[in-house]
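Engineer: What follows is protein-v1.tsv, TSV, C-alpha atoms and all ligand atoms.
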chain	number	residue	atom	x	y	z
A	22	MET	CA	-62.94	19.03	11.13
A	23	ARG	CA	-59.58	18.01	12.45
A	24	LYS	CA	-57.00	16.80	9.96
A	25	LYS	CA	-55.39	13.49	10.60
A	26	ALA	CA	-51.64	13.62	10.86
A	27	MET	CA	-50.12	12.16	7.75
A	28	PRO	CA	-47.59	9.41	8.31
A	29	GLU	CA	-44.12	10.47	7.32
A	30	ASN	CA	-43.43	9.43	3.80
A	31	LYS	CA	-39.91	8.07	3.70
A	32	ASP	CA	-39.80	8.27	-0.04
A	33	THR	CA	-40.06	12.02	-0.27
A	34	PRO	CA	-37.52	13.55	-2.62
A	35	GLU	CA	-35.66	15.14	0.31
A	36	LYS	CA	-35.18	11.82	2.10
A	37	SER	CA	-34.28	10.08	-1.11
A	38	ASN	CA	-31.63	12.71	-1.97
A	39	LEU	CA	-30.18	12.53	1.52
A	40	THR	CA	-29.82	8.79	1.27
A	41	ARG	CA	-28.23	9.10	-2.15
A	42	ARG	CA	-25.87	11.76	-0.84
A	43	LYS	CA	-24.84	9.61	2.11
A	44	PHE	CA	-24.29	6.69	-0.23
A	45	MET	CA	-22.12	8.82	-2.52
A	46	ASP	CA	-20.18	10.14	0.48
A	47	ARG	CA	-19.42	6.59	1.55
A	48	VAL	CA	-18.43	5.61	-1.97
A	49	MET	CA	-16.10	8.61	-2.19
A	50	LEU	CA	-14.58	7.84	1.21
A	51	THR	CA	-14.00	4.24	0.19
A	52	VAL	CA	-12.40	5.29	-3.10
A	53	ALA	CA	-10.24	7.89	-1.34
A	54	GLY	CA	-9.17	5.36	1.28
A	55	GLY	CA	-8.25	2.81	-1.37
A	56	ALA	CA	-6.29	5.40	-3.31
A	57	ALA	CA	-4.43	6.43	-0.15
A	58	LEU	CA	-3.49	2.80	0.55
A	59	MET	CA	-2.27	2.33	-3.02
A	60	LEU	CA	-0.23	5.52	-2.81
A	61	ALA	CA	1.31	4.44	0.51
A	62	GLY	CA	2.30	1.10	-1.01
A	63	THR	CA	3.81	2.80	-4.04
A	64	GLN	CA	5.79	5.25	-1.91
A	65	GLN	CA	7.13	2.40	0.22
A	66	ALA	CA	8.26	0.51	-2.88
A	67	GLU	CA	9.88	3.65	-4.27
A	68	ALA	CA	11.66	4.33	-1.00
A	69	LYS	CA	14.25	1.66	-1.78
A	70	VAL	CA	17.11	2.54	-4.06
A	71	SER	CA	19.28	0.33	-6.24
A	72	LYS	CA	22.61	-1.00	-5.03
A	73	THR	CA	24.32	1.10	-7.67
A	74	ALA	CA	22.61	4.31	-6.52
A	75	ALA	CA	23.54	3.54	-2.90
A	76	LYS	CA	27.10	2.61	-3.97
A	77	TYR	CA	26.71	-0.75	-2.26
A	78	ARG	CA	29.74	-3.00	-1.91
A	79	SER	CA	29.94	-6.51	-0.49
A	80	SER	CA	32.71	-5.68	1.99
A	81	PRO	CA	32.79	-3.48	5.11
A	82	LYS	CA	34.17	0.04	5.02
A	83	MET	CA	36.26	1.25	7.95
A	84	GLY	CA	34.67	-1.29	10.26
A	85	LYS	CA	31.13	-0.36	9.23
A	86	SER	CA	28.90	-3.01	7.70
A	87	CYS	CA	25.24	-3.85	7.11
A	88	GLY	CA	25.26	-5.96	10.27
A	89	GLY	CA	25.77	-2.79	12.31
A	90	CYS	CA	23.36	-0.68	10.25
A	91	ALA	CA	19.94	0.34	11.58
A	92	LYS	CA	18.44	-0.32	8.12
A	93	TYR	CA	19.52	-3.95	8.05
A	94	MET	CA	16.49	-6.19	8.64
A	95	GLY	CA	18.25	-9.54	8.73
A	96	ASN	CA	18.21	-12.39	6.22
A	97	GLY	CA	19.97	-10.23	3.64
A	98	LYS	CA	17.20	-7.66	3.56
A	99	CYS	CA	17.63	-3.92	3.84
A	100	SER	CA	14.87	-1.34	4.27
A	101	ALA	CA	16.69	1.16	2.05
A	102	VAL	CA	18.38	-0.85	-0.70
A	103	LYS	CA	16.71	-3.15	-3.23
A	104	GLY	CA	17.69	-6.79	-3.49
A	105	THR	CA	19.74	-8.98	-1.21
A	106	VAL	CA	22.59	-7.47	0.76
A	107	SER	CA	25.36	-9.12	2.71
A	108	LYS	CA	25.65	-8.69	6.46
A	109	ASN	CA	29.27	-7.78	5.72
A	110	GLY	CA	28.37	-5.30	2.99
A	111	TYR	CA	28.25	-1.54	3.14
A	112	CYS	CA	26.70	1.38	1.27
A	113	ASN	CA	26.51	5.16	1.46
A	114	LEU	CA	23.15	4.99	3.24
A	115	TYR	CA	24.70	3.36	6.28
A	116	ALA	CA	23.18	4.48	9.58
A	117	ALA	CA	24.75	3.15	12.75
A	118	LYS	CA	22.43	1.27	15.09
A	119	LYS	CA	21.73	3.16	18.29
A	120	ALA	CA	23.54	1.75	21.28
A	121	LYS	CA	21.29	-0.02	23.77
A	122	ARG	CA	20.86	1.76	27.08
A	123	GLY	CA	22.89	0.29	29.84
A	124	SER	CA	25.32	-1.49	27.56
A	125	TYR	CA	28.96	-0.54	27.70
B	1	LIG	S1	24.77	-0.30	4.91
B	1	LIG	FE1	23.38	0.18	3.20
B	1	LIG	S2	22.84	-1.81	2.31
B	1	LIG	FE2	23.70	-2.21	4.33
B	1	LIG	S3	21.92	-2.32	5.67
B	1	LIG	FE3	22.69	-0.20	5.76
B	1	LIG	S4	21.52	0.91	4.20
B	1	LIG	FE4	21.25	-1.29	3.79
Transcribe the structure of this file into structure tokens.
Structural biologist:
Amino acid sequence: MRKKAMPENKDTPEKSNLTRRKFMDRVMLTVAGGAALMLAGTQQAEAKVSKTAAKYRSSPKMGKSCGGCAKYMGNGKCSAVKGTVSKNGYCNLYAAKKAKRGSY
């Protein structure tokens, strides 16, 4: 007598464990991704230093000012120093903007 092939039971323990494992892998990836995003946001916030730490002053120094600094983002914002800065200010983190090619 020939045995009839049994239909694959999708609820076997092996299948069930595999599904659970995949689910847990996805949960762990999601948690890890969220943690990485939170860490990136925290590091970005910590990247800025206080005006005092940067020795910020509201006047230029030897012709150098925030307006000519690569870190100046406009509208009184700086990517390196916390708070509002003046376009005419200056601090020890000053980094000259790169000259545009072709300009003399
Ligand atoms: S000089 Fe200092 S405060 Fe001004 S834009 Fe540059 S880094 Fe920011």
Engineer: When distances are computed from only C-alpha atoms and all ligand atoms, which of A:Ala68, A:Ala117, A:Val52, A:Cys90 shows the smallest separation from ligand LIG 1 (chain B)?
Structural biologist: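 Of A:Ala68, A:Ala117, A:Val52, A:Cys90, the one nearest ligand LIG 1 (chain B) is A:Cys90, counting only C-alpha atoms and all ligand atoms.
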Engineer: In the coordinate frame of the file, compute which residues have an atom within 7 Å of (25.7, 3.5, 0.7) when using all atoms listed in the file, and state them as a PyMOL selection string.
Structural biologist: chain A and resi 75-77+111-115
Engineer: Quick one: pull the distance between atom FE1 of ligand LIG 1 (chain B) and CA of Thr105 in chain A, Å, one decimal.
Structural biologist: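 Separation of atom FE1 of ligand LIG 1 (chain B) and CA of Thr105 in chain A: 10.8 Å.
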Engineer: Grab me every residue within 10 Å of ligand LIG 1 (chain B), counting only C-alpha atoms and all ligand atoms, and send it over as an mmCIF file with C-alpha atoms, in the frame of the given file.
Structural biologist:
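Below is the file part.cif, written as the result:
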data_model
loop_
_atom_site.group_PDB
_atom_site.id
_atom_site.type_symbol
_atom_site.label_atom_id
_atom_site.label_comp_id
_atom_site.auth_asym_id
_atom_site.auth_seq_id
_atom_site.Cartn_x
_atom_site.Cartn_y
_atom_site.Cartn_z
ATOM 1 C CA LYS A 69 14.250 1.660 -1.780
ATOM 2 C CA VAL A 70 17.110 2.540 -4.060
ATOM 3 C CA SER A 71 19.280 0.330 -6.240
ATOM 4 C CA LYS A 72 22.610 -1.000 -5.030
ATOM 5 C CA ALA A 75 23.540 3.540 -2.900
ATOM 6 C CA LYS A 76 27.100 2.610 -3.970
ATOM 7 C CA TYR A 77 26.710 -0.750 -2.260
ATOM 8 C CA ARG A 78 29.740 -3.000 -1.910
ATOM 9 C CA SER A 79 29.940 -6.510 -0.490
ATOM 10 C CA SER A 80 32.710 -5.680 1.990
ATOM 11 C CA PRO A 81 32.790 -3.480 5.110
ATOM 12 C CA LYS A 82 34.170 0.040 5.020
ATOM 13 C CA LYS A 85 31.130 -0.360 9.230
ATOM 14 C CA SER A 86 28.900 -3.010 7.700
ATOM 15 C CA CYS A 87 25.240 -3.850 7.110
ATOM 16 C CA GLY A 88 25.260 -5.960 10.270
ATOM 17 C CA GLY A 89 25.770 -2.790 12.310
ATOM 18 C CA CYS A 90 23.360 -0.680 10.250
ATOM 19 C CA ALA A 91 19.940 0.340 11.580
ATOM 20 C CA LYS A 92 18.440 -0.320 8.120
ATOM 21 C CA TYR A 93 19.520 -3.950 8.050
ATOM 22 C CA MET A 94 16.490 -6.190 8.640
ATOM 23 C CA GLY A 95 18.250 -9.540 8.730
ATOM 24 C CA GLY A 97 19.970 -10.230 3.640
ATOM 25 C CA LYS A 98 17.200 -7.660 3.560
ATOM 26 C CA CYS A 99 17.630 -3.920 3.840
ATOM 27 C CA SER A 100 14.870 -1.340 4.270
ATOM 28 C CA ALA A 101 16.690 1.160 2.050
ATOM 29 C CA VAL A 102 18.380 -0.850 -0.700
ATOM 30 C CA LYS A 103 16.710 -3.150 -3.230
ATOM 31 C CA GLY A 104 17.690 -6.790 -3.490
ATOM 32 C CA THR A 105 19.740 -8.980 -1.210
ATOM 33 C CA VAL A 106 22.590 -7.470 0.760
ATOM 34 C CA SER A 107 25.360 -9.120 2.710
ATOM 35 C CA LYS A 108 25.650 -8.690 6.460
ATOM 36 C CA ASN A 109 29.270 -7.780 5.720
ATOM 37 C CA GLY A 110 28.370 -5.300 2.990
ATOM 38 C CA TYR A 111 28.250 -1.540 3.140
ATOM 39 C CA CYS A 112 26.700 1.380 1.270
ATOM 40 C CA ASN A 113 26.510 5.160 1.460
ATOM 41 C CA LEU A 114 23.150 4.990 3.240
ATOM 42 C CA TYR A 115 24.700 3.360 6.280
ATOM 43 C CA ALA A 116 23.180 4.480 9.580
ATOM 44 C CA ALA A 117 24.750 3.150 12.750
ATOM 45 C CA LYS A 118 22.430 1.270 15.090
#
Engineer: Just to confirm, what's the straight-line distance from CA of Thr73 in chain A to CA of Ala120 in chain A in Å (one decimal)?
Structural biologist: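 Interatomic distance here is 29.0 Å.
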Engineer: Please compute the CA of Gly84 in chain A-CA of Lys119 in chain A distance, one decimal, in Å.
Structural biologist: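 One can read the CA of Gly84 in chain A to CA of Lys119 in chain A distance as 15.9 Å.
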